[in-house]
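Each remark here refers to the structure printed beneath this line.
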Amino acid sequence: MRSLLTNRSVRPYVLLLVITLVLLIIDRGRGQFFTVSTAFSVLQQFATIGPIALGLGLSMIIREIDLSVGGMLSLSGCIAVLTGARHPELGVALAVLFGLVWGLLQGAIMVWLRLGSIGVTLGGLLTLGGLAYVVTGNLSISYPRMDVALAVNYPLLHIFSLRSLIALAAFLVAAFFMARTRVGRDVYATGSDNRAAMVAGVRTSAIVAGVFACSGMLAALGGALLSYSLAAAGGVALTDALVPAIAAAIIGGVSLTGGKGTPIGIVGGVLVLCLLSAGLNAVGTPPAVQDVVTGGVLFLVAIADAVDLDRRLFAIRRYWADLLLRRDEPVTPRQPSPAE
Amino acid sequence: MTEQALPAGVREPFRLPLPHSQRGRVLVAIRLAAVLALIAVAATTHGFFTAVSLFSLLNTTSFIGCVAVGMTFITLSGNIMSFALGVTLSTSGMVFMAVLPLGLIPALLITFAFGAAITGIQGVVIGYFRANPIIVSMAALALINGGATLITQGQGIYPEGEAAAALKGHILGVPMPLAAFILTLVAAQIVLSFTRFGRQLYMVGSNWRAALAAGLDPPRIVLGAYIAAGLCTALAGILMAARYSSGDLELGLGYDYSAISAVLVGGTAISGGEGSAIRSLIGAFIIAVCEVLLLLHGFSTQIQYLAIGVIVLFVIMLQTLADTD
């Protein structure tokens, strides 16, 4: 069981299975959970969280973290809504372009100054959030094209929509690049051991800048499509998207120590979160329960990935062994007896 | 961070083109120039140097200041920031309002215990298991938010009676929140500068392994930093709840971001081990002055958000440019 839970590529899918079973049991055959509409809403949420989680996950694979995605999500939505009234494609393109430029800028600052990503992207998060307030004039702005909003969300093949298909396509492209190309290998090398990668000839600066550019683009794409589908945009609370995205990436097997995790794993992580939220909704629990469950899962995974976990568990086990054996002195390593 | 020789062909990171010994001085000069410029703008702004505006400035700083002082402990301990301090503030205010019928002193004690427990649990996980502080604080944010919403059904808490009135009054002509903040600041600075815990905190924050090798107990010190942060935040929560005579989840919205902005603008290093509570006060004050100046010059509130973001980004870059490592 422990190996199932610690194998990073399998963990999210095991969780997915467990959650499905639990929700089926809670549902007790009333058919509120196991429906086409649940699948559709899971994929709709997937389209919202997925791209951000992918960008964040990629930045975590190179042992950095892109906190600015939350701000990018709201600002890119504003850009798309403000510029895309006549040509929706243009709005998305501008938003993604902005994401690319901003991501490159952040990456360049990090490489140029060799500065930690948390500081830079925290500043980026605050700046982007501020920009979102400025371009919207502190109001919620609405998108006049209801036809686009409907088209983006219109069910295709019962469970998909244009939005979720775009998100899935982004994951497929990322999975291909990470698994099959040299760039992907270089990304893992940069994350596992930056210095060794550098010595081996990997252009780690370019990889860092590129990953942050990708992260910015993905967050912008997600934000633009989300705003189209809501037909509105505004400067929303910044951590709203950040918490589930980080949770999804970590559940999906990405490690903060870098070099671990795959886009396919992240898909699993996002699906776990979306299924939890949609499933709990379907069986009629209040939304706050989803917060608690997301937080609880994130908390447990954070502990499971903690650096000193094994050491502390060992200390605790030894302490209990001492208590159970009623020994006065701590357990000493067993001396080999002459018989052996 | 250990400095090793760079592999051949890799460029040094860009730093100010000055000898190491002078970079620190240049940084101080730039900071002084920025503060002087701010004062100059303030002096030429009609209506800034009035008693009323300065007084309200001090008052607004006191809430963010308390949280920023708490955040300083976390940042100094090498754990960057907590995303959960804002929600800790809100829930502390709610707990305080809920237990106020028991009397003022028991309510204060319960609330402080609550704040210390909430951040203390995170401190245990971060200190003893060495879990990632950002992730743990985000998990805590979601857990506390969800839990509080479930318990209160999303309602605010409005106490009966006026037991909290004592917290709205003045001490020696100073409003209560400001007095409490100054007291917290002085206490925090004394703890940081003159106690063993404070000095150990700096050491753990600048180098965990060195602290361990020197025989310190880094997990315990990190736990202490988190408990201190919880106490400061609980105080802010109590004062805010008393001021608005109610406790709800909106109370501390965005306070984590304001606090970390104040800490960083004040010049406390994001990598830990360098900084002080006084610096966070200066940071909070600079941000508040900037906001008021922008407002007096007719800029809207949204420009203020943007300005704070840009200032934080700039300060982080400036700090690194003048890095003496």
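Letters for chains follow the order of the structure tokens (A, B, ...), residue numbers begin at 1 for each chain, and ligand numbers begin at 1 in the order shown.
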(request) Identify all chain B residues at most 9 Å from chain A by counting only C-alpha atoms; ligands do not count. Present them as a PyMOL selection string. (result) chain B and resi 6-8+10+12-15+80+83+125-126+128-133+135-150+253-254+257+261+270-271+300-314+316-317+320-321
(message) At a cut-off of 8 Å, using only C-alpha atoms, what residues contact region 264-277 of chain A? Leave out same-chain residues fewer than 2 positions from it and give the result as a VMD selection string.
(response) chain A and resid 8 to 10 12 to 13 15 to 16 19 to 20 42 to 43 45 to 46 49 to 50 53 to 54 57 171 175 244 to 245 247 to 254 261 to 262 279 to 281 287 290 294
(request) For CA of Ser245 (chain B) and CA of Ala259 (chain B), quote the distance in Å rounded to one decimal. (result) 23.1 Å
(request) For region 87-94 of chain A, please output as JSON, numbers by chain all residues within 9 Å (counting only C-alpha atoms; exclusion window: fewer than 2 positions along the same chain). (result) {"A": [76, 77, 79, 80, 81, 82, 83, 84, 85, 96, 97, 98, 99, 145, 148, 220, 221, 224, 225, 228]}
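Reported to one decimal place, the separation of CA of Ala188 (chain B) from CA of Leu264 (chain B) is 17.2 Å.
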(message) Between CA of Ile134 (chain B) and CA of Pro219 (chain B), what distance in Å does the model show, to one decimal?
(response)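 About the pair CA of Ile134 (chain B) and CA of Pro219 (chain B): they are 16.6 Å apart.
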(message) Please extract the residues of region 56-262 of chain B with a backbone DSSP assignment of strand (DSSP E or B) and present them as number ranges by chain.
(response) B: 157, 170-171, 174-175, 247
(message) From a backbone DSSP assignment, name each residue in region 26-202 of chain A labelled helix (DSSP H, G or I), as a ChimeraX atom specification.
(response) /A:26-27,36-61,69-83,88-113,117-136,146-153,162-180,182-192,194-199
(request) Just the residues within 8 Å of Leu178 (chain B), please, counting only C-alpha atoms, with nothing from its chain fewer than 3 positions along; format it as a list in words. (result) Leu58, Asn59, Ser62, Val174, Pro175, Phe181 and Ile182 of chain B
(message) Applying 10 Å and only C-alpha atoms, which residues near Gly266 (chain B) remain after dropping the ones on its own chain fewer than 3 positions away? List them as a list in words.
(response)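 Counting only C-alpha atoms, the residues come to Arg31, Ile260, Ser261, Ala262, Val263, Ala269, Gly275, Ser276, Ala277, Ile278, Arg279, Ser280, Leu281, Ile282, Gly283, Ala284, Phe285, Ile286, Ile287, Val312 and Val315 of chain B.
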Can I get the selected residues back with C-alpha atoms, as a PDB file, in the first residue's frame?
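And here's again39.pdb as it stands now:
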```pdb
ATOM      1  CA  ARG B  31      17.148  53.318   0.495  1.00  0.00           C
ATOM      2  CA  ILE B 260       4.641  40.246   3.447  1.00  0.00           C
ATOM      3  CA  SER B 261       4.823  43.414   1.330  1.00  0.00           C
ATOM      4  CA  ALA B 262       5.613  45.442   4.453  1.00  0.00           C
ATOM      5  CA  VAL B 263       8.226  42.912   5.572  1.00  0.00           C
ATOM      6  CA  ALA B 269      15.642  39.309   3.353  1.00  0.00           C
ATOM      7  CA  GLY B 275      15.922  41.761   9.082  1.00  0.00           C
ATOM      8  CA  SER B 276      14.070  43.051  12.106  1.00  0.00           C
ATOM      9  CA  ALA B 277      10.647  43.957  13.439  1.00  0.00           C
ATOM     10  CA  ILE B 278      11.488  47.673  13.227  1.00  0.00           C
ATOM     11  CA  ARG B 279      12.217  47.268   9.517  1.00  0.00           C
ATOM     12  CA  SER B 280       8.773  45.760   9.019  1.00  0.00           C
ATOM     13  CA  LEU B 281       7.258  48.784  10.751  1.00  0.00           C
ATOM     14  CA  ILE B 282       9.193  51.053   8.400  1.00  0.00           C
ATOM     15  CA  GLY B 283       8.018  48.953   5.468  1.00  0.00           C
ATOM     16  CA  ALA B 284       4.397  49.110   6.566  1.00  0.00           C
ATOM     17  CA  PHE B 285       4.727  52.850   7.105  1.00  0.00           C
ATOM     18  CA  ILE B 286       6.309  53.462   3.687  1.00  0.00           C
ATOM     19  CA  ILE B 287       3.510  51.519   2.002  1.00  0.00           C
ATOM     20  CA  VAL B 312       7.822  44.944  -3.778  1.00  0.00           C
ATOM     21  CA  VAL B 315      12.830  46.095  -3.565  1.00  0.00           C
TER      22      VAL B 315
END
```
